[in-house]
Amino acid sequence: MSRIPRERTNPAGKRPGKIGRAGKDAPAVEPLNIVHGALPSREVILRFIADHPQKASKRELAKAFGLKGDNRVELKHMLQELEQEGMLQKNRKSLIRPGALPPVTVLDITTRDKDGDLIGRPAEWPEDQGVAPAVAIRQQSPAGRKGKAPVAGLGDRILAKIFPAVDRGGPAYTARIIKVIDRRRGASMGVFRTAPGGGGRLLPIERRGEEMVIDPEFTGGATDGDLVEVEIARLGRFGLPRAKVLSVVGSVGSEKAISMIAIHAHGIPHVFPPAVIAEAEAAKPASMSHREDWRDVPLITIDPADAKDHDDAVYAELDPSPDNPGGVVVTVAIADVSWYVRPNSPLDREALKRGNSVYFPDRVVPMLPERISNDLCSLKEGVDRPALAVRMSFSGEGRKIGHIFHRIMMKSAAKLSYQQAQAAIDGKPDDQTGPMLEPILKPLWHAYEVMKRGRDRRQPLELDMPERKILLKSNGTVDRVVVPPRLDAHKLIEEMMIQANVCAAETLEKKRQPLIYRIHDGPTLAKQEILREFLATLGISLAKGGNMRANNFNGILAKADGTPHQTMVSEMVLRSQSQAIYGPENIGHFGLNLMKYAHFTSPIRRYADLIVHRALVGSLGFGEGGITPDEEAALDDIAAEISTFERRAMAAERETVDRLIAHHLSGRVGEEFAGRVSGVTKSGLFVSLPDYGADGFVPISTLGSDYFIYDEAHQALSGERTGLGYRLGDSVTVKLAEAIPLAGALRFEMISEGREMPAAVRSFHKAGRRDRGQVRKKPGTRPPRGRH
């Protein structure tokens, strides 16, 4: 959350001057004095990075300064030193000055300057970096992009490309709007409740929301129980804010209302425009142009039992080549969405606007209309369907030794669920799976065993965190929460899809075709240090250095396996990881331990996969539906947009689950539950209920009469006087004190007594007492709770 009491300058304490060009969209500025071919000083490097955020990777720096041979090596060492000293930090593949904005940032437009120009600030900004910097918004058509430029207004949230400012007297940065991603932030959403005498009140749906008064003339026709969007009409010195209803979303008591709250709160497009529906309905089955006829290949789909669209099919056989004894050939076929969704068509523009499908317990908000997603592009059993297929050859040791892509027409031989396929392999085939057990299913499982040897050797990050699924009643309320078993059938499909994604990235790189990668950076040095300090409290070491690999974390998880700390260590390792995103520049995928990786296998529900399909069609000469030059030029912006929309979908899905569970438990206030400490903060404890997949909060003020100290290294809150406390991963019993369904919030009271803290925590207490003694103004006074 951005805080804006005053404007912040850059880390050097000065505003950037006219000392370089930040990119093709930036205004012309005075060039930095660079001696081509000579190793620059540390000061010149830092200045260059501050003024050229688009050229701040190691490769771009070497190119900008004309460095070769030993000088490139020296540059690498210099950058590592600057990073270790805290002068630089990594942002994806690029380097930035601490406190500087990355090249692409989400901004909230908060005000206007004296000339009426819009001013924005980062939507997210670390509290330890002071006040977020101001950014001047430029509203103009971006170079190389057709159509009208996005227009933003006060209160909007935008995705923007960032440049150093030229004007020394203005904000530190300027920005060019890539996309408006949210409605005006000045608007709020809540439930309207009528009041005696007219008007009403707004009950907030956000955890930090505020109740508001709505005067009779500003109700906008809302009735009791309606979900409404409002804006503040007046703020007074006393009493609640007064609001005006802007729109009525619908009744909060209606079926599927919970997910509608998240859809509207996050501005997720959920109604297809008429032009999009018309184009989808007018689509015709694909022709055989530029296609191979694979309708006799027994490809099958294996999906969840309730799946409505099927975008991947698989088949495997022994490799007949004498040069590959013990090897297998695995075929993965993916629905050919690129045939139906052409660049810059109404379907395409709407798909990019959505970025991905969003999955709620009670509904799906699809990226594409049902005519495309559930019909023409769904690989239905026994029906001709167009697809892109990749045939992959693996050696007996599980090494991929070759692959080739095809554009095909296929006919799925069977539609199976994960449970159905697994039961057949486990010796319980049914009437459908029995005949295909020997010719199709067993070869698939054998191929998976071969591929698993390669996976085991690769050692991706093995974080096995259970995924819970909410089962609903017919009225849309929670029936129960289950943890579906993790079957080999799931792992088989997952590994085959991963390898198909690798093949897509490798093929496009070989063709020198621009694409969007799925990239995952390694943990930052700061996160590594937090994890290292925590693990040290458990007697587990983590090597220092920036070249961490996934298997380093697997070793940590193995050491904790079977110990009381297993869950706690898994949580901390997960928190140390970066978030995977999309980008046109490849940095590899840390978690999967892969150097080349691009999403290819789900074009029905992810726009990134559709771009990769188009790139393959175009670069391999597969006919119509290939990527266009305009798309290639816009890959930076597209990757940033769909990364943002992915995070939007995840937040909406998570909040909906929280609201459903809070509603489910709202009638059980006062009951006790078994839980686990899932988070430790200065303000209290987060406790998860494993049986429900819910999280609630225990305020530190309710833990007892002792003064509790926050120890970040040990992830603990512990009593200064008693030495008893709570650590991350502790099993506890809590009482539900309050449930707020609309906000998805639960408040607990701790029932379990704290346990005795390790000696290292008690030593931390002594240090804490010494520190506090230095700031006390009166002998014997105690600092406020939660400050340490």
# chains A, B, ... in the order shown; residues from 1 in each chain; ligands from 1

$ residues_around --residues "region 394-400 of chain A" --least-positions-apart "3" --cutoff "6 Å" --atoms "only C-alpha atoms" --output "VMD selection string"
chain A and resid 326 to 328 450 to 451 453 to 454

$ write_last_selection --atoms "N, CA, C and O atoms" --output "CSV table (one decimal), in the first residue's frame"
chain,number,residue,atom,x,y,z
A,326,GLY,N,15.5,-48.9,-25.1
A,326,GLY,CA,14.9,-48.5,-23.8
A,326,GLY,C,14.2,-47.2,-23.8
A,326,GLY,O,13.7,-46.8,-22.8
A,327,GLY,N,14.3,-46.5,-25.0
A,327,GLY,CA,13.7,-45.1,-25.0
A,327,GLY,C,12.2,-45.1,-25.3
A,327,GLY,O,11.6,-46.2,-25.6
A,328,VAL,N,11.6,-44.0,-25.1
A,328,VAL,CA,10.2,-43.8,-25.4
A,328,VAL,C,9.9,-42.6,-26.2
A,328,VAL,O,10.7,-41.7,-26.3
A,450,VAL,N,10.1,-43.5,-17.2
A,450,VAL,CA,11.3,-43.1,-17.8
A,450,VAL,C,11.6,-41.6,-17.7
A,450,VAL,O,12.7,-41.2,-17.3
A,451,MET,N,10.6,-40.8,-17.9
A,451,MET,CA,10.7,-39.3,-17.8
A,451,MET,C,11.0,-38.9,-16.3
A,451,MET,O,11.8,-37.9,-16.1
A,453,ARG,N,13.0,-40.4,-14.3
A,453,ARG,CA,14.4,-40.5,-14.1
A,453,ARG,C,15.1,-39.2,-14.4
A,453,ARG,O,16.0,-38.8,-13.7
A,454,GLY,N,14.7,-38.6,-15.5
A,454,GLY,CA,15.3,-37.3,-15.9
A,454,GLY,C,14.9,-36.2,-14.9
A,454,GLY,O,15.7,-35.3,-14.5

$ closest_residue --among "A:Thr194, A:Asn71, A:Thr628, A:Ser259" --to "Leu742 (chain A)" --atoms "only C-alpha atoms"
A:Ser259

$ residues_around --residues "Leu487 (chain A)" --least-positions-apart "4" --cutoff "8 Å" --atoms "only C-alpha atoms" --output "VMD selection string"
chain A and resid 418 to 419 422 491

$ write_last_selection --atoms "all heavy atoms" --output "PDB file, in the first residue's frame"
ATOM      1  N   TYR A 418      -8.703 -38.270 -13.846  1.00  0.00           N
ATOM      2  CA  TYR A 418      -7.487 -38.727 -13.169  1.00  0.00           C
ATOM      3  C   TYR A 418      -7.751 -39.984 -12.354  1.00  0.00           C
ATOM      4  O   TYR A 418      -6.978 -40.956 -12.394  1.00  0.00           O
ATOM      5  CB  TYR A 418      -6.962 -37.623 -12.240  1.00  0.00           C
ATOM      6  CG  TYR A 418      -6.352 -36.442 -12.946  1.00  0.00           C
ATOM      7  CD1 TYR A 418      -6.932 -35.174 -12.864  1.00  0.00           C
ATOM      8  CD2 TYR A 418      -5.182 -36.579 -13.691  1.00  0.00           C
ATOM      9  CE1 TYR A 418      -6.374 -34.081 -13.501  1.00  0.00           C
ATOM     10  CE2 TYR A 418      -4.608 -35.489 -14.329  1.00  0.00           C
ATOM     11  CZ  TYR A 418      -5.212 -34.248 -14.238  1.00  0.00           C
ATOM     12  OH  TYR A 418      -4.657 -33.159 -14.876  1.00  0.00           O
ATOM     13  N   GLN A 419      -8.851 -39.970 -11.604  1.00  0.00           N
ATOM     14  CA  GLN A 419      -9.167 -41.107 -10.740  1.00  0.00           C
ATOM     15  C   GLN A 419      -9.444 -42.367 -11.558  1.00  0.00           C
ATOM     16  O   GLN A 419      -9.037 -43.475 -11.175  1.00  0.00           O
ATOM     17  CB  GLN A 419     -10.381 -40.768  -9.866  1.00  0.00           C
ATOM     18  CG  GLN A 419     -10.155 -39.659  -8.843  1.00  0.00           C
ATOM     19  CD  GLN A 419     -10.154 -38.261  -9.444  1.00  0.00           C
ATOM     20  OE1 GLN A 419     -10.539 -38.070 -10.595  1.00  0.00           O
ATOM     21  NE2 GLN A 419      -9.716 -37.283  -8.663  1.00  0.00           N
ATOM     22  N   GLN A 422      -6.106 -43.693 -12.962  1.00  0.00           N
ATOM     23  CA  GLN A 422      -5.289 -44.251 -11.888  1.00  0.00           C
ATOM     24  C   GLN A 422      -5.852 -45.582 -11.413  1.00  0.00           C
ATOM     25  O   GLN A 422      -5.103 -46.535 -11.143  1.00  0.00           O
ATOM     26  CB  GLN A 422      -5.232 -43.267 -10.715  1.00  0.00           C
ATOM     27  CG  GLN A 422      -4.260 -43.675  -9.611  1.00  0.00           C
ATOM     28  CD  GLN A 422      -2.824 -43.613 -10.061  1.00  0.00           C
ATOM     29  OE1 GLN A 422      -2.364 -42.586 -10.551  1.00  0.00           O
ATOM     30  NE2 GLN A 422      -2.090 -44.718  -9.921  1.00  0.00           N
ATOM     31  N   LYS A 491       0.738 -36.465 -11.691  1.00  0.00           N
ATOM     32  CA  LYS A 491       2.164 -36.226 -11.921  1.00  0.00           C
ATOM     33  C   LYS A 491       2.555 -36.548 -13.357  1.00  0.00           C
ATOM     34  O   LYS A 491       3.398 -35.872 -13.954  1.00  0.00           O
ATOM     35  CB  LYS A 491       2.995 -37.059 -10.940  1.00  0.00           C
ATOM     36  CG  LYS A 491       2.732 -36.730  -9.481  1.00  0.00           C
ATOM     37  CD  LYS A 491       3.490 -37.678  -8.553  1.00  0.00           C
ATOM     38  CE  LYS A 491       3.144 -37.428  -7.097  1.00  0.00           C
ATOM     39  NZ  LYS A 491       3.839 -38.389  -6.199  1.00  0.00           N
TER      40      LYS A 491
END

$ closest_residue --among "A:Val245, A:Ile401, A:Leu665, A:Ala608" --to "Glu641 (chain A)" --atoms "only C-alpha atoms"
A:Ala608

$ residues_around --residues "Tyr582 (chain A)" --least-positions-apart "6" --cutoff "9 Å" --atoms "only C-alpha atoms" --output "PyMOL selection string"
chain A and resi 516-520+598+608+638-640+642-643

$ write_last_selection --atoms "N, CA, C and O atoms" --output "tab-separated table (two decimals), in the first residue's frame"
chain	number	residue	atom	x	y	z
A	516	ILE	N	7.17	-15.13	-25.44
A	516	ILE	CA	6.99	-14.84	-24.02
A	516	ILE	C	7.37	-16.09	-23.24
A	516	ILE	O	6.79	-17.15	-23.43
A	517	TYR	N	8.37	-15.95	-22.37
A	517	TYR	CA	8.80	-17.05	-21.52
A	517	TYR	C	8.00	-17.05	-20.21
A	517	TYR	O	7.48	-16.01	-19.77
A	518	ARG	N	7.95	-18.20	-19.58
A	518	ARG	CA	7.52	-18.28	-18.18
A	518	ARG	C	8.81	-18.29	-17.38
A	518	ARG	O	9.59	-19.25	-17.46
A	519	ILE	N	9.07	-17.22	-16.64
A	519	ILE	CA	10.34	-17.08	-15.94
A	519	ILE	C	10.13	-17.06	-14.43
A	519	ILE	O	9.11	-16.59	-13.93
A	520	HIS	N	11.12	-17.56	-13.73
A	520	HIS	CA	11.05	-17.64	-12.27
A	520	HIS	C	12.45	-17.37	-11.74
A	520	HIS	O	13.35	-18.20	-11.91
A	598	ALA	N	8.52	-22.10	-21.62
A	598	ALA	CA	7.45	-21.20	-22.10
A	598	ALA	C	6.12	-21.93	-21.99
A	598	ALA	O	6.04	-23.12	-22.28
A	608	ALA	N	-0.77	-16.23	-22.55
A	608	ALA	CA	0.65	-16.48	-22.84
A	608	ALA	C	0.81	-17.67	-23.76
A	608	ALA	O	1.64	-17.65	-24.69
A	638	ILE	N	2.71	-6.91	-23.38
A	638	ILE	CA	1.79	-8.04	-23.22
A	638	ILE	C	2.21	-8.89	-22.02
A	638	ILE	O	1.37	-9.29	-21.19
A	639	ALA	N	3.52	-9.15	-21.89
A	639	ALA	CA	4.01	-9.96	-20.76
A	639	ALA	C	3.70	-9.29	-19.44
A	639	ALA	O	3.29	-9.94	-18.46
A	640	ALA	N	3.91	-7.96	-19.38
A	640	ALA	CA	3.63	-7.23	-18.14
A	640	ALA	C	2.14	-7.27	-17.82
A	640	ALA	O	1.74	-7.44	-16.66
A	642	ILE	N	-0.24	-9.55	-18.76
A	642	ILE	CA	-0.78	-10.85	-18.35
A	642	ILE	C	-0.19	-11.30	-17.01
A	642	ILE	O	-0.85	-12.05	-16.27
A	643	SER	N	1.02	-10.83	-16.66
A	643	SER	CA	1.55	-11.12	-15.33
A	643	SER	C	0.69	-10.44	-14.27
A	643	SER	O	0.38	-11.01	-13.23

$ atom_distance --atom1 "CA of Leu159 (chain A)" --atom2 "CA of Phe590 (chain A)"
25.7 Å

$ closest_residue --among "A:Val104, A:Ile334, A:Val180, A:Val365" --to "Asp609 (chain A)" --atoms "only C-alpha atoms"
A:Ile334

$ closest_residue --among "A:Ala233, A:Met288, A:Leu685, A:Met436" --to "Gly623 (chain A)" --atoms "only C-alpha atoms"
A:Met288

$ select_by_dssp --residues "region 422-487 of chain A" --states "strand (DSSP E or B)" --output "ChimeraX atom specification"
/A:469-472,478-482

$ residues_around --residues "region 441-445 of chain A" --least-positions-apart "3" --cutoff "9 Å" --atoms "only C-alpha atoms" --output "PyMOL selection string"
chain A and resi 314-318+328+330+421+424-425+433+436-438+448-450+488-489+492

$ closest_residue --among "A:Gln499, A:Gln459, A:Asp323, A:Val358" --to "Arg549 (chain A)" --atoms "only C-alpha atoms"
A:Gln459

$ residues_around --residues "Thr681 (chain A)" --least-positions-apart "3" --cutoff "8 Å" --atoms "only C-alpha atoms" --output "PyMOL selection string"
chain A and resi 684-685+710+717

$ atom_distance --atom1 "CA of Thr644 (chain A)" --atom2 "CA of Ile177 (chain A)"
14.0 Å

$ closest_residue --among "A:Gly220, A:Gly754, A:Pro285, A:Pro325" --to "Val337 (chain A)" --atoms "only C-alpha atoms"
A:Pro285

$ residues_around --residues "Ala265 (chain A)" --least-positions-apart "4" --cutoff "9 Å" --atoms "only C-alpha atoms" --output "PyMOL selection string"
chain A and resi 188-189+205+260-261+652

$ select_by_dssp --residues "region 238-294 of chain A" --states "helix (DSSP H, G or I)" --output "PyMOL selection string"
chain A and resi 257-265+274-282

$ write_last_selection --atoms "N, CA, C and O atoms" --output "PDB file, in the first residue's frame"
ATOM      1  N   ALA A 257     -23.130 -14.953  -5.221  1.00  0.00           N
ATOM      2  CA  ALA A 257     -22.831 -13.560  -4.891  1.00  0.00           C
ATOM      3  C   ALA A 257     -21.417 -13.397  -4.362  1.00  0.00           C
ATOM      4  O   ALA A 257     -20.783 -12.356  -4.582  1.00  0.00           O
ATOM      5  N   ILE A 258     -20.908 -14.409  -3.660  1.00  0.00           N
ATOM      6  CA  ILE A 258     -19.582 -14.287  -3.052  1.00  0.00           C
ATOM      7  C   ILE A 258     -18.509 -14.078  -4.121  1.00  0.00           C
ATOM      8  O   ILE A 258     -17.647 -13.208  -3.996  1.00  0.00           O
ATOM      9  N   SER A 259     -18.556 -14.872  -5.176  1.00  0.00           N
ATOM     10  CA  SER A 259     -17.553 -14.699  -6.222  1.00  0.00           C
ATOM     11  C   SER A 259     -17.771 -13.400  -6.985  1.00  0.00           C
ATOM     12  O   SER A 259     -16.813 -12.785  -7.481  1.00  0.00           O
ATOM     13  N   MET A 260     -19.013 -12.934  -7.093  1.00  0.00           N
ATOM     14  CA  MET A 260     -19.282 -11.669  -7.763  1.00  0.00           C
ATOM     15  C   MET A 260     -18.634 -10.508  -7.020  1.00  0.00           C
ATOM     16  O   MET A 260     -18.218  -9.513  -7.636  1.00  0.00           O
ATOM     17  N   ILE A 261     -18.526 -10.613  -5.704  1.00  0.00           N
ATOM     18  CA  ILE A 261     -17.847  -9.566  -4.935  1.00  0.00           C
ATOM     19  C   ILE A 261     -16.404  -9.446  -5.410  1.00  0.00           C
ATOM     20  O   ILE A 261     -15.910  -8.347  -5.682  1.00  0.00           O
ATOM     21  N   ALA A 262     -15.719 -10.568  -5.526  1.00  0.00           N
ATOM     22  CA  ALA A 262     -14.322 -10.539  -5.961  1.00  0.00           C
ATOM     23  C   ALA A 262     -14.199 -10.079  -7.400  1.00  0.00           C
ATOM     24  O   ALA A 262     -13.275  -9.337  -7.755  1.00  0.00           O
ATOM     25  N   ILE A 263     -15.121 -10.510  -8.246  1.00  0.00           N
ATOM     26  CA  ILE A 263     -15.085 -10.117  -9.663  1.00  0.00           C
ATOM     27  C   ILE A 263     -15.176  -8.602  -9.796  1.00  0.00           C
ATOM     28  O   ILE A 263     -14.406  -7.966 -10.523  1.00  0.00           O
ATOM     29  N   HIS A 264     -16.121  -7.994  -9.073  1.00  0.00           N
ATOM     30  CA  HIS A 264     -16.291  -6.545  -9.168  1.00  0.00           C
ATOM     31  C   HIS A 264     -15.212  -5.796  -8.398  1.00  0.00           C
ATOM     32  O   HIS A 264     -14.742  -4.744  -8.842  1.00  0.00           O
ATOM     33  N   ALA A 265     -14.788  -6.317  -7.265  1.00  0.00           N
ATOM     34  CA  ALA A 265     -13.759  -5.643  -6.479  1.00  0.00           C
ATOM     35  C   ALA A 265     -12.441  -5.555  -7.238  1.00  0.00           C
ATOM     36  O   ALA A 265     -11.690  -4.588  -7.086  1.00  0.00           O
ATOM     37  N   PRO A 274     -21.005  -8.103 -27.254  1.00  0.00           N
ATOM     38  CA  PRO A 274     -21.736  -8.750 -28.356  1.00  0.00           C
ATOM     39  C   PRO A 274     -20.858  -9.098 -29.563  1.00  0.00           C
ATOM     40  O   PRO A 274     -21.037 -10.151 -30.170  1.00  0.00           O
ATOM     41  N   ALA A 275     -19.871  -8.223 -29.876  1.00  0.00           N
ATOM     42  CA  ALA A 275     -19.010  -8.502 -31.030  1.00  0.00           C
ATOM     43  C   ALA A 275     -18.173  -9.753 -30.806  1.00  0.00           C
ATOM     44  O   ALA A 275     -17.891 -10.506 -31.757  1.00  0.00           O
ATOM     45  N   VAL A 276     -17.782  -9.992 -29.566  1.00  0.00           N
ATOM     46  CA  VAL A 276     -16.980 -11.177 -29.246  1.00  0.00           C
ATOM     47  C   VAL A 276     -17.839 -12.435 -29.368  1.00  0.00           C
ATOM     48  O   VAL A 276     -17.418 -13.449 -29.955  1.00  0.00           O
ATOM     49  N   ILE A 277     -19.036 -12.384 -28.818  1.00  0.00           N
ATOM     50  CA  ILE A 277     -19.950 -13.525 -28.916  1.00  0.00           C
ATOM     51  C   ILE A 277     -20.293 -13.810 -30.377  1.00  0.00           C
ATOM     52  O   ILE A 277     -20.326 -14.975 -30.818  1.00  0.00           O
ATOM     53  N   ALA A 278     -20.520 -12.757 -31.148  1.00  0.00           N
ATOM     54  CA  ALA A 278     -20.881 -12.937 -32.559  1.00  0.00           C
ATOM     55  C   ALA A 278     -19.753 -13.614 -33.327  1.00  0.00           C
ATOM     56  O   ALA A 278     -19.995 -14.519 -34.153  1.00  0.00           O
ATOM     57  N   GLU A 279     -18.509 -13.182 -33.066  1.00  0.00           N
ATOM     58  CA  GLU A 279     -17.381 -13.798 -33.759  1.00  0.00           C
ATOM     59  C   GLU A 279     -17.235 -15.267 -33.367  1.00  0.00           C
ATOM     60  O   GLU A 279     -16.965 -16.132 -34.214  1.00  0.00           O
ATOM     61  N   ALA A 280     -17.415 -15.562 -32.074  1.00  0.00           N
ATOM     62  CA  ALA A 280     -17.296 -16.943 -31.614  1.00  0.00           C
ATOM     63  C   ALA A 280     -18.384 -17.823 -32.237  1.00  0.00           C
ATOM     64  O   ALA A 280     -18.111 -18.948 -32.684  1.00  0.00           O
ATOM     65  N   GLU A 281     -19.620 -17.335 -32.269  1.00  0.00           N
ATOM     66  CA  GLU A 281     -20.718 -18.122 -32.806  1.00  0.00           C
ATOM     67  C   GLU A 281     -20.583 -18.342 -34.314  1.00  0.00           C
ATOM     68  O   GLU A 281     -21.046 -19.356 -34.846  1.00  0.00           O
ATOM     69  N   ALA A 282     -19.921 -17.412 -34.988  1.00  0.00           N
ATOM     70  CA  ALA A 282     -19.769 -17.524 -36.439  1.00  0.00           C
ATOM     71  C   ALA A 282     -18.599 -18.419 -36.844  1.00  0.00           C
ATOM     72  O   ALA A 282     -18.446 -18.746 -38.025  1.00  0.00           O
TER      73      ALA A 282
END

$ atom_distance --atom1 "CA of Asp706 (chain A)" --atom2 "CA of Leu724 (chain A)"
9.2 Å
